[in-house]
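What follows is input.tsv (TSV, C-alpha atoms).
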chain	number	residue	atom	x	y	z
C	1	MET	CA	18.21	-3.82	41.71
C	2	SER	CA	19.70	-6.88	43.38
C	3	ARG	CA	16.56	-7.23	45.52
C	4	TYR	CA	14.19	-6.93	42.57
C	5	ASP	CA	12.46	-10.22	41.73
C	6	PRO	CA	10.46	-10.12	38.46
C	7	SER	CA	8.78	-13.41	39.33
C	8	ALA	CA	7.07	-11.70	42.26
C	9	PHE	CA	4.70	-10.04	39.79
C	10	PRO	CA	2.21	-11.84	37.53
C	11	PRO	CA	3.11	-11.68	33.81
C	12	PHE	CA	0.74	-10.17	31.28
C	13	ALA	CA	0.81	-9.38	27.57
C	14	VAL	CA	0.43	-6.05	25.77
C	15	THR	CA	-1.33	-5.62	22.44
C	16	VAL	CA	-2.14	-2.73	20.15
C	17	ASP	CA	-5.57	-2.40	18.53
C	18	LEU	CA	-6.24	-0.05	15.63
C	19	VAL	CA	-9.41	1.93	15.00
C	20	VAL	CA	-8.78	2.66	11.31
C	21	LEU	CA	-11.38	5.07	9.93
C	22	THR	CA	-11.88	6.28	6.38
C	23	VAL	CA	-14.71	7.71	4.28
C	24	ARG	CA	-16.01	5.45	1.50
C	25	ASP	CA	-19.09	6.18	-0.60
C	26	HIS	CA	-19.86	9.18	1.65
C	27	ALA	CA	-19.99	6.99	4.78
C	28	LEU	CA	-17.61	6.72	7.72
C	29	CYS	CA	-16.16	3.20	7.66
C	30	ALA	CA	-13.95	1.16	9.96
C	31	LEU	CA	-11.47	-1.54	9.04
C	32	LEU	CA	-12.38	-4.98	10.37
C	33	VAL	CA	-10.70	-8.38	10.14
C	34	ARG	CA	-12.40	-11.74	10.67
C	35	ARG	CA	-10.52	-13.81	13.21
C	36	GLY	CA	-9.30	-17.12	11.83
C	37	GLU	CA	-8.24	-18.59	15.18
C	38	PRO	CA	-9.63	-18.83	18.74
C	39	PRO	CA	-10.62	-17.01	20.81
C	40	PHE	CA	-13.62	-15.46	19.03
C	41	GLN	CA	-12.88	-17.46	15.89
C	42	GLY	CA	-15.11	-16.23	13.07
C	43	TYR	CA	-15.89	-12.92	14.79
C	44	TRP	CA	-15.11	-9.56	13.25
C	45	ALA	CA	-12.47	-7.59	15.16
C	46	LEU	CA	-10.30	-4.52	14.95
C	47	PRO	CA	-6.88	-5.09	13.39
C	48	GLY	CA	-3.96	-5.32	15.80
C	49	GLY	CA	-1.63	-7.71	17.52
C	50	PHE	CA	0.84	-8.36	20.29
C	51	VAL	CA	3.66	-5.92	20.95
C	52	ARG	CA	7.03	-7.53	20.29
C	53	LEU	CA	9.75	-7.56	22.92
C	54	ASP	CA	12.01	-5.30	20.85
C	55	GLU	CA	9.53	-2.56	19.87
C	56	GLY	CA	7.68	0.34	21.45
C	57	LEU	CA	3.93	0.90	21.38
C	58	ALA	CA	3.82	3.43	18.54
C	59	GLU	CA	6.26	1.29	16.58
C	60	ALA	CA	4.00	-1.74	17.02
C	61	ALA	CA	0.94	0.27	15.95
C	62	SER	CA	2.76	1.57	12.86
C	63	ARG	CA	3.89	-1.95	11.98
C	64	GLU	CA	0.38	-3.35	12.30
C	65	LEU	CA	-0.98	-0.47	10.22
C	66	ALA	CA	1.53	-1.14	7.46
C	67	GLU	CA	0.80	-4.87	7.52
C	68	GLU	CA	-2.98	-4.33	7.32
C	69	THR	CA	-3.19	-1.34	4.94
C	70	GLY	CA	0.25	-0.68	3.44
C	71	LEU	CA	0.12	2.86	4.81
C	72	ARG	CA	2.87	4.66	6.64
C	73	ALA	CA	1.76	6.62	9.68
C	74	HIS	CA	2.52	10.10	10.91
C	75	SER	CA	1.45	11.74	14.18
C	76	ALA	CA	0.56	15.20	12.88
C	77	PRO	CA	-0.96	16.67	9.72
C	78	GLU	CA	1.75	17.13	7.10
C	79	HIS	CA	1.51	19.43	4.10
C	80	GLY	CA	1.18	17.30	0.97
C	81	SER	CA	1.72	14.08	2.87
C	82	VAL	CA	0.30	10.74	1.77
C	83	GLY	CA	-0.32	8.41	4.64
C	84	ALA	CA	-2.41	8.06	7.74
C	85	HIS	CA	-2.73	10.09	10.90
C	86	LEU	CA	-2.05	7.92	13.93
C	87	GLU	CA	-2.55	8.87	17.58
C	88	GLN	CA	-2.91	6.96	20.82
C	89	LEU	CA	-6.56	6.62	21.83
C	90	ALA	CA	-6.80	4.90	25.22
C	91	THR	CA	-5.72	1.85	27.23
C	92	TYR	CA	-8.03	-1.07	27.99
C	93	GLY	CA	-7.13	-3.50	30.76
C	94	HIS	CA	-10.16	-5.26	32.22
C	95	PRO	CA	-8.88	-8.54	33.74
C	96	GLN	CA	-11.39	-10.62	31.74
C	97	ARG	CA	-11.16	-8.81	28.40
C	98	ASP	CA	-9.16	-11.71	26.85
C	99	PRO	CA	-9.91	-15.35	27.80
C	100	ARG	CA	-6.34	-16.48	27.03
C	101	MET	CA	-4.51	-14.51	29.71
C	102	ARG	CA	-4.26	-11.06	31.22
C	103	VAL	CA	-3.88	-8.75	28.20
C	104	VAL	CA	-3.68	-4.97	28.28
C	105	SER	CA	-4.42	-3.27	24.97
C	106	VAL	CA	-3.25	0.17	23.92
C	107	ALA	CA	-5.61	1.41	21.21
C	108	TYR	CA	-4.64	3.78	18.42
C	109	LEU	CA	-6.86	5.91	16.22
C	110	VAL	CA	-5.96	6.01	12.52
C	111	LEU	CA	-7.52	8.47	10.07
C	112	ALA	CA	-6.82	7.99	6.37
C	113	PRO	CA	-8.11	8.94	2.92
C	114	ASP	CA	-10.26	6.52	0.95
C	115	LEU	CA	-8.39	3.23	1.02
C	116	PRO	CA	-8.61	0.19	-1.26
C	117	THR	CA	-10.20	-3.09	-0.28
C	118	PRO	CA	-7.99	-4.53	2.47
C	119	ARG	CA	-6.21	-7.87	2.22
C	120	PRO	CA	-6.21	-10.11	5.30
C	121	GLY	CA	-2.96	-11.13	6.93
C	122	GLY	CA	-1.68	-12.96	9.99
C	123	ASP	CA	-4.45	-14.84	11.77
C	124	ALA	CA	-7.21	-12.98	9.89
C	125	SER	CA	-9.28	-15.01	7.44
C	126	SER	CA	-10.81	-11.97	5.72
C	127	ALA	CA	-10.96	-8.20	6.00
C	128	ARG	CA	-13.44	-5.51	5.02
C	129	TRP	CA	-14.54	-1.92	5.41
C	130	ALA	CA	-17.76	-1.69	7.40
C	131	PRO	CA	-19.98	1.40	7.83
C	132	VAL	CA	-19.70	2.67	11.38
C	133	ALA	CA	-23.45	3.31	11.49
C	134	GLU	CA	-24.07	-0.42	11.03
C	135	LEU	CA	-21.45	-1.47	13.58
C	136	LEU	CA	-22.51	0.84	16.39
C	137	GLY	CA	-26.21	1.31	15.67
C	138	GLY	CA	-28.43	3.70	17.55
C	139	ASN	CA	-27.73	1.93	20.84
C	140	PRO	CA	-25.41	-0.91	21.93
C	141	ALA	CA	-28.12	-3.53	21.36
C	142	ASP	CA	-28.43	-2.53	17.68
C	143	GLY	CA	-24.75	-2.85	16.77
C	144	VAL	CA	-22.77	-5.73	15.31
C	145	PRO	CA	-21.02	-7.74	18.09
C	146	LEU	CA	-17.22	-7.59	17.75
C	147	ALA	CA	-14.55	-9.77	19.35
C	148	PHE	CA	-13.16	-8.95	22.80
C	149	ASP	CA	-14.10	-5.39	23.84
C	150	HIS	CA	-13.58	-4.02	20.35
C	151	GLY	CA	-17.08	-2.57	20.19
C	152	LEU	CA	-16.21	-0.27	23.08
C	153	ILE	CA	-12.84	0.62	21.55
C	154	LEU	CA	-14.48	1.39	18.20
C	155	ALA	CA	-17.11	3.62	19.83
C	156	ASP	CA	-14.41	5.53	21.71
C	157	GLY	CA	-12.40	5.97	18.52
C	158	VAL	CA	-15.36	7.25	16.53
C	159	GLU	CA	-16.25	9.76	19.24
C	160	ARG	CA	-12.62	10.93	19.36
C	161	ALA	CA	-12.67	11.52	15.60
C	162	ARG	CA	-16.01	13.34	15.77
C	163	SER	CA	-14.84	15.67	18.51
C	164	LYS	CA	-11.34	16.31	17.15
C	165	ILE	CA	-12.50	17.57	13.76
C	166	GLU	CA	-14.43	20.26	15.61
C	167	TYR	CA	-11.35	22.05	16.92
C	168	SER	CA	-8.46	20.66	14.83
C	169	SER	CA	-7.62	20.32	11.15
C	170	LEU	CA	-7.73	16.50	11.27
C	171	ALA	CA	-10.67	16.32	8.86
C	172	THR	CA	-8.14	16.89	6.09
C	173	ALA	CA	-6.56	13.53	7.03
C	174	PHE	CA	-9.57	11.90	5.34
C	175	CYS	CA	-8.85	13.78	2.10
C	176	SER	CA	-6.35	13.29	-0.70
C	177	ALA	CA	-3.41	15.70	-1.00
C	178	GLU	CA	-5.60	18.11	-3.02
C	179	PHE	CA	-9.32	18.39	-2.39
C	180	THR	CA	-12.29	20.66	-2.89
C	181	VAL	CA	-14.35	22.34	-0.19
C	182	GLY	CA	-17.23	20.10	-1.23
C	183	GLU	CA	-15.15	16.98	-0.66
C	184	LEU	CA	-14.09	18.26	2.76
C	185	ARG	CA	-17.71	19.03	3.60
C	186	ARG	CA	-18.70	15.45	2.77
C	187	VAL	CA	-16.02	14.27	5.23
C	188	TYR	CA	-17.61	16.30	8.01
C	189	GLU	CA	-21.06	15.04	7.03
C	190	ALA	CA	-19.89	11.41	7.02
C	191	VAL	CA	-18.04	11.61	10.35
C	192	TRP	CA	-20.77	13.55	12.13
C	193	GLY	CA	-23.68	11.83	10.39
C	194	VAL	CA	-25.38	15.13	9.48
C	195	SER	CA	-26.12	17.34	6.46
C	196	LEU	CA	-24.40	20.72	6.30
C	197	ASP	CA	-25.33	23.86	4.38
C	198	PRO	CA	-22.79	24.12	1.52
C	199	ARG	CA	-22.54	27.91	1.45
C	200	ASN	CA	-22.22	28.28	5.20
C	201	PHE	CA	-19.60	25.53	5.33
C	202	HIS	CA	-17.60	27.11	2.50
C	203	ARG	CA	-17.62	30.45	4.30
C	204	LYS	CA	-16.45	28.89	7.57
C	205	VAL	CA	-13.59	26.74	6.28
C	206	THR	CA	-12.18	29.32	3.87
C	207	GLY	CA	-12.43	32.01	6.56
C	208	THR	CA	-10.61	30.01	9.25
C	209	PRO	CA	-6.96	31.13	9.33
C	210	GLY	CA	-4.48	28.44	8.34
C	211	PHE	CA	-7.08	25.74	7.70
C	212	LEU	CA	-6.91	25.53	3.90
C	213	LEU	CA	-4.42	26.70	1.29
C	214	PRO	CA	-5.39	27.19	-2.37
C	215	SER	CA	-3.32	24.85	-4.51
C	216	GLY	CA	-3.79	26.94	-7.64
C	217	GLY	CA	-5.64	24.22	-9.49
C	218	THR	CA	-9.24	23.29	-10.24
C	219	THR	CA	-11.10	20.07	-10.92
C	220	THR	CA	-14.32	18.92	-12.59
C	221	ARG	CA	-14.36	15.47	-10.95
C	222	GLN	CA	-17.50	16.47	-9.03
C	223	GLY	CA	-19.25	17.46	-12.25
C	224	GLY	CA	-20.52	20.88	-13.21
C	225	ARG	CA	-18.31	23.97	-13.07
C	226	PRO	CA	-14.62	23.65	-12.15
C	227	ALA	CA	-14.09	23.66	-8.38
C	228	GLN	CA	-11.07	25.19	-6.68
C	229	LEU	CA	-8.56	22.77	-5.18
C	230	PHE	CA	-7.04	23.20	-1.72
C	231	THR	CA	-4.40	21.55	0.42
C	232	ALA	CA	-4.24	21.31	4.21
C	233	GLY	CA	-2.89	24.50	5.77
C	234	GLY	CA	-0.37	24.73	8.55
C	235	ALA	CA	-2.88	25.24	11.37
C	236	THR	CA	-3.42	22.34	13.75
C	237	ASP	CA	-6.03	24.07	15.95
C	238	LEU	CA	-9.06	25.78	14.43
C	239	ASN	CA	-10.06	29.19	15.72
C	240	PRO	CA	-12.99	29.53	15.61
C	241	PRO	CA	-13.79	25.80	15.86
C	242	MET	CA	-16.12	23.91	13.50
C	243	LEU	CA	-18.82	23.12	16.03
C	244	ARG	CA	-20.84	19.94	15.54
C	245	PRO	CA	-24.56	20.61	14.93
C	246	GLU	CA	-26.75	19.66	17.84
C	247	SER	CA	-28.71	16.46	17.22

What is this structure when it is put down as structure tokens?
Amino acid sequence: MSRYDPSAFPPFAVTVDLVVLTVRDHALCALLVRRGEPPFQGYWALPGGFVRLDEGLAEAASRELAEETGLRAHSAPEHGSVGAHLEQLATYGHPQRDPRMRVVSVAYLVLAPDLPTPRPGGDASSARWAPVAELLGGNPADGVPLAFDHGLILADGVERARSKIEYSSLATAFCSAEFTVGELRRVYEAVWGVSLDPRNFHRKVTGTPGFLLPSGGTTTRQGGRPAQLFTAGGATDLNPPMLRPES
């Protein structure tokens, strides 16, 4: 170590960016903050910030999540838990991605139940939930321009969510602790952007071992006859998977 010279290497900063997804009004939505300072002042951006010298990456992501949403994070589905699923998405390090200096960003995907209207903090002047369909559009030219490379990060996060609910139980992370099959179906419809046959969906999810557990209760919050309530089961992988309909 005596021959090691840190000054021989160029310094760079590390940030975490959060793709926070939830389902609101039957639409997949992402959390955005409006930047109150340069660069990209006035642009909408993903929440996030610089990693502090005394914290790890996941710790920084959890801190930013708590500051932006008040949610605690966990890395795997938990029976009866109230919080947000958080997992590392990808790393973005193009030399020109940030005009201030060389910045490498480690992005995290966050899936959470319906969340309240966010309150801005830090250097954000405002915050909002925005429908993913409006942000991404049918092609890149149709979407809403975001700060930095956050449009790319958002698209990667949405595709990760869409693919993961095919073969894992992560769709339940968008639901409250107890939910109906109909509410779970609307999660799949919102994330995938499709309509699903209710009877076929009910047969698939209730017939998949370990996916759902009856809670013993019922609810009439959807109107009509009482619907059975379920909680997330112990399975993390779905066998058979819930395959996305072909577009």

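Across C:Thr206, C:Thr91, C:Thr219, C:Ser7, the tightest approach to Val181 (chain C) is made by C:Thr206 when counting only C-alpha atoms.
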
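Computed from the coordinates, the CA of Leu184 (chain C) to CA of Thr172 (chain C) distance equals 7.0 Å.
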
Write out, as CSV, each residue of region 167-191 of chain C that has an atom at most 12 Å from region 29-43 of chain C, together with the closest pair of atoms and their distance in Å to one decimal, counting all atoms listed in the file, rows going by chain and rising number.
residue,atom,partner,partner_atom,distance
C:Phe174,CA,C:Cys29,CA,11.2
C:Val187,CA,C:Cys29,CA,11.3
C:Ala190,CA,C:Cys29,CA,9.0
C:Val191,CA,C:Cys29,CA,9.0

Export, as a PDB file, in the coordinates of the input, the selected residues with C-alpha atoms.
ATOM      1  CA  PHE C 174      -9.570  11.900   5.340  1.00  0.00           C
ATOM      2  CA  VAL C 187     -16.020  14.270   5.230  1.00  0.00           C
ATOM      3  CA  ALA C 190     -19.890  11.410   7.020  1.00  0.00           C
ATOM      4  CA  VAL C 191     -18.040  11.610  10.350  1.00  0.00           C
TER       5      VAL C 191
END

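When only C-alpha atoms are used to compute distances to Val110 (chain C), the closest of the residues C:Ala45, C:Leu229, C:Leu18, C:Cys175 turns out to be C:Leu18.
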
Using all atoms listed in the file: which of C:Pro145, C:Gly182, C:Pro113, C:Pro47 has the shortest distance to Gln222 (chain C): C:Gly182

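Minimum distance to Ala73 (chain C) across C:Arg160, C:Leu111, C:Trp192, C:Pro95 (counting only C-alpha atoms) occurs at C:Leu111.
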
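The gap separating CA of Leu213 (chain C) from CA of Val23 (chain C) is 21.8 Å, in Å to one decimal.
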
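Take the candidates C:Pro131, C:Pro240, C:Gly137, C:Gly93 and check each one against Phe12 (chain C) using all atoms listed in the file; the shortest distance goes to C:Gly93.
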
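The two atoms in question, CA of Leu89 (chain C) and CA of Ala173 (chain C), are spaced 16.3 Å apart.
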
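Take the candidates C:Val14, C:Ala235, C:Leu57, C:Leu136 and check each one against Tyr108 (chain C) using all atoms listed in the file; the shortest distance goes to C:Leu57.
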
Would you mind listing what lies within 9 Å of Glu64 (chain C) as a PyMOL selection string, with only C-alpha atoms counted and same-chain residues fewer than 4 positions away left out? chain C and resi 16-18+47-49+59-60+68-69

May I have the protein, DNA and RNA residues with an atom at most 8 Å from (-5.4, 25.2, 16.2), counting all atoms listed in the file in the file's coordinates, returned as a ChimeraX atom specification? /C:167-169,235-239

Close residues, Arg244 (chain C) itself excluded, 9 Å, only C-alpha atoms, min 6 positions apart in chain, as number ranges by chain: C: 162-163, 165-166, 188, 192, 194

Using only C-alpha atoms, which residues sit within 6 Å of Phe230 (chain C) once same-chain residues fewer than 3 positions away are excluded, as a PDB file with C-alpha atoms, keeping the file's coordinate frame?
ATOM      1  CA  GLU C 178      -5.600  18.110  -3.020  1.00  0.00           C
ATOM      2  CA  PHE C 179      -9.320  18.390  -2.390  1.00  0.00           C
ATOM      3  CA  THR C 180     -12.290  20.660  -2.890  1.00  0.00           C
ATOM      4  CA  LEU C 213      -4.420  26.700   1.290  1.00  0.00           C
ATOM      5  CA  PRO C 214      -5.390  27.190  -2.370  1.00  0.00           C
ATOM      6  CA  SER C 215      -3.320  24.850  -4.510  1.00  0.00           C
TER       7      SER C 215
END
